[in-house]
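Novice: I am attaching a structure below and will ask some questions about it afterwards.
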Amino acid sequence: MSKVALRSKHASEDHQKPRKWVFPSFSPLSWRWVWVAFGLVVVFLIAQVTWWMIFQRQLIQQSIDYAETTWLQEAALVQQLWLASNPTEREALAQELRQGFPQLRVEGEQVLVDPEQLAAYRNAQLRHLRMLAFEGPFFLLVALLGLYIIGMALRREQELKRRQQNFLMAVTHEFRTPISTVRLLAETLERRELPREKQLGYLAHMEQELSRLEALSERLLATARLEQSRTRLTPQGFALATATRLDLGQVVTELLQRQRGGLEARGAVLRLELPEGELPVELDPEAFGIALSNLLDNAIKYTPGEKKPIRLRLERQGSEALLHVEDQGSGVAPEDLPYIFDPFYRSGSELTRETPGLGIGLYLVKTIMELLGGKITCTPLEQGTRFTLSLPLSAERANLVPESTHRGIV
């Protein structure tokens with residue numbers, strides 16, 4: 001066997017089993033010292049504000065004690081002056097004391113510190129202390145809030161860079177395999193005389209790889225269009241002009257009939273449970289088909305083993321029609337739940353990832369469901385994951401496409 005044929009054979013085998021891609025190792029900016037610096041700034045601010053408040057409290061208390069001591073000394077000096085004065089001059093002296101020492105008062109032969117004046121001074125100083133006690137924590141809160149906002153912005157920037165890096169690596173991964181396979185198969189067909197049957201097999205394999213590239217390109221283009229135009233959606237033009245009132249059970253049944261062959265070839269074991277009665281909804285079946293196809297693709301990708309059980313269950317809940325898609329795969333980590341519907345989000349690193357994908361499938365599903373007036377939720381199971389698509393039931397039951405006569409388990 002020639003080297004070209006061997007290379008072609010290896011390329012075919014690589015496509016059949018997961019391959020662990022190893023990308024060049026980069027040295028990303030370490031954020032550890034950034035967060036250490038933020039921690040030091042926070043500690044410094046707390047220490048600074050605490051010390052400032054303690055210092056101001058001591059300063060105000062010293063001011064109160066100094067004023068009280070000074071007034072008592074003044075009262076003693078004025079007492080001596082009062083006793084040494086001529087009784088006939090004391091009325092004029094008392095008038096001067098009230099003007100020069102308002103904090104003192106004369107009672108008979110005694111000169112005392114006016115307790116009302118002392119209490120008023122003490123209250124005025126304590127008001128300053130209370131004001132500082134409010135302003136200090138408020139200043140600290142504002143400073144910490146500013147640091148928190150800056151920290152979250154830096155964290156988002158860090159996460160965005162990580163996602164961008166993962167996306168670029170994932171795109172390289174996803175495009176590299178089919179391109180390499182097609183190139184090797186083309187070289188084999190060009191350089192060797194092969195039997196007609198083997199040629200047709202190679203051509204079919206090349207067609208599969210090209211279809212894979214086309215589907216990947218369509219997903220990327222759909223994501224770009226959704227980002228640029230958040231309007232109503234169809235695969236052709238993002239406008240639900242073709243939305244009609246349909247039975248959701250029949251739509252799901254027909255979509256599964258079209259996709260069943262390809263899904264089962266990848267190991268899917270499909271189980272569809274239909275409710276009694278119709279589930280009339282308004283939707284574009286092609287757009288809804290994209291959402292369902294992405295969920296089924298995810299269920300297959302993340303379920304290990306040759307057999308991949310997937311359960312689809314429809315039900316009515318209040319004024320909504322629900323479609324549950326359950327798998328028995330690896331599930332979703334709790335820390336990833338808030339982010340799985342974000343564009344290009346994939347947990348972990350692309351450097352060692354074995355599962356193919358770009359992180360746009362669930363984003364497309366979420367966006368399509370929102371444009372259809374519905375929503376998607378994710379519920380981790382004991383084993384696997386349940387994604388639930390919900391659509392509002394149509395108020396009118398007219399104009400329904402005739403439903404399939406069977407109900408139950410398909």
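Each chain in the structure tokens gets a letter, A, B, ..., in the order shown, and its residues are numbered from 1; ligands are numbered from 1 in order too.
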Need the shell around Gly100 of chain A: protein/DNA/RNA residues with any atom at most 12 Å away, counting only C-alpha atoms. Skip same-chain ones fewer than 6 positions apart. Format as an mmCIF file with N, CA, C and O atoms, in the first residue's frame?
Specialist:
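result29.cif written:
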data_model
loop_
_atom_site.group_PDB
_atom_site.id
_atom_site.type_symbol
_atom_site.label_atom_id
_atom_site.label_comp_id
_atom_site.auth_asym_id
_atom_site.auth_seq_id
_atom_site.Cartn_x
_atom_site.Cartn_y
_atom_site.Cartn_z
ATOM 1 N N GLU A 74 -11.167 78.464 83.882
ATOM 2 C CA GLU A 74 -11.674 79.842 83.747
ATOM 3 C C GLU A 74 -12.641 80.161 84.890
ATOM 4 O O GLU A 74 -12.646 81.284 85.432
ATOM 5 N N VAL A 78 -12.190 83.245 87.457
ATOM 6 C CA VAL A 78 -13.247 84.268 87.577
ATOM 7 C C VAL A 78 -13.807 84.266 89.000
ATOM 8 O O VAL A 78 -14.202 85.324 89.524
ATOM 9 N N LEU A 93 -19.691 93.770 86.692
ATOM 10 C CA LEU A 93 -18.773 92.648 86.430
ATOM 11 C C LEU A 93 -19.530 91.441 85.876
ATOM 12 O O LEU A 93 -19.060 90.744 84.972
ATOM 13 N N ALA A 94 -20.722 91.179 86.410
ATOM 14 C CA ALA A 94 -21.531 90.049 85.925
ATOM 15 C C ALA A 94 -21.916 90.253 84.453
ATOM 16 O O ALA A 94 -21.935 89.304 83.646
#
Novice: So that I can check the surroundings of segment 54-69 of chain A, please list as a PyMOL selection string every protein, DNA and RNA residue that reaches within 7 Å of it, counting only C-alpha atoms and ignoring chain neighbours fewer than 2 positions away.
Specialist: chain A and resi 50-52+71-73+122+125+129
Novice: For the atom pair atom CA of Ser217 of chain A and atom CA of Gln199 of chain A, what is the interatomic distance in Å to one decimal place?
Specialist: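 Straight-line distance from atom CA of Ser217 of chain A to atom CA of Gln199 of chain A works out to 26.7 Å.
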Novice: State, in Å with one decimal place, the distance from atom CA of Gln103 of chain A to atom CA of Asn86 of chain A.
Specialist: 23.0 Å
Novice: Show me, as JSON lines, the residues of segment 324-346 of chain A having an atom within 6 Å of segment 378-386 of chain A, each with the closest atom pair and its distance in Å, using only C-alpha atoms.
Specialist:
{"residue": "A:Val325", "atom": "CA", "partner": "A:Arg386", "partner_atom": "CA", "distance": 5.6}
{"residue": "A:Glu326", "atom": "CA", "partner": "A:Arg386", "partner_atom": "CA", "distance": 4.3}
{"residue": "A:Asp327", "atom": "CA", "partner": "A:Gly384", "partner_atom": "CA", "distance": 5.2}
{"residue": "A:Gln328", "atom": "CA", "partner": "A:Gly384", "partner_atom": "CA", "distance": 4.0}
{"residue": "A:Gly329", "atom": "CA", "partner": "A:Gly384", "partner_atom": "CA", "distance": 4.4}
{"residue": "A:Ser330", "atom": "CA", "partner": "A:Gly384", "partner_atom": "CA", "distance": 5.6}
{"residue": "A:Gly331", "atom": "CA", "partner": "A:Gly384", "partner_atom": "CA", "distance": 4.4}
Novice: For Tyr202 of chain A, which residue among A:Ala186, A:Met152, A:Val365, A:Ala215 is the nearest when counting only C-alpha atoms?
Specialist: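 That would be A:Ala186, the residue with the smallest distance to Tyr202 of chain A.
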Novice: For segment 297-306 of chain A, please output as an MDAnalysis selection string all residues within 12 Å (counting only C-alpha atoms; exclusion window: fewer than 4 positions along the same chain).
Specialist: chainID A and resid 17:18 259:260 262:270 289:293 310:312 325:332 340 354:362 365 383:387
Novice: What's around Leu210 of chain A at 9 Å? Count only C-alpha atoms, leave out sequence neighbours fewer than 4 positions away in its own chain, and write the answer as an NGL selection string.
Specialist: :A and (178-179 or 182 or 205-206 or 214-215)
Novice: Determine the nearest neighbour of Arg258 of chain A from the options A:Val281, A:Arg156, A:Glu286, A:Arg316, counting only C-alpha atoms.
Specialist: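 Closest to Arg258 of chain A of all the choices is A:Glu286.
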Novice: Find the residues near Leu144 of chain A: any atom within 10 Å, counting only C-alpha atoms, skip ones fewer than 3 places away on the same chain, and give them as a ChimeraX atom specification.
Specialist: /A:41-42,45-46,138-141,147-150
Novice: Keeping only C-alpha atoms, take the residues you just selected and write them out as a short mmCIF file (atom, residue, chain, number, x, y, z; two decimals), in the first residue's frame.
Specialist:
data_model
loop_
_atom_site.label_atom_id
_atom_site.label_comp_id
_atom_site.auth_asym_id
_atom_site.auth_seq_id
_atom_site.Cartn_x
_atom_site.Cartn_y
_atom_site.Cartn_z
CA VAL A 41 -5.96 48.04 48.00
CA VAL A 42 -9.14 46.82 49.72
CA LEU A 45 -8.83 51.24 52.33
CA ILE A 46 -10.49 49.40 55.20
CA PHE A 138 -20.10 55.53 52.97
CA PHE A 139 -16.76 56.54 51.49
CA LEU A 140 -15.48 53.01 52.06
CA LEU A 141 -18.58 51.52 50.44
CA LEU A 147 -13.14 48.52 42.94
CA TYR A 148 -15.76 45.79 42.55
CA ILE A 149 -16.97 47.26 39.25
CA ILE A 150 -13.41 47.54 38.00
#
Novice: I'd like the interatomic distance between atom CA of Phe341 of chain A and atom CA of Leu364 of chain A, to a tenth of an Å.
Specialist: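 Separation of atom CA of Phe341 of chain A and atom CA of Leu364 of chain A: 8.3 Å.
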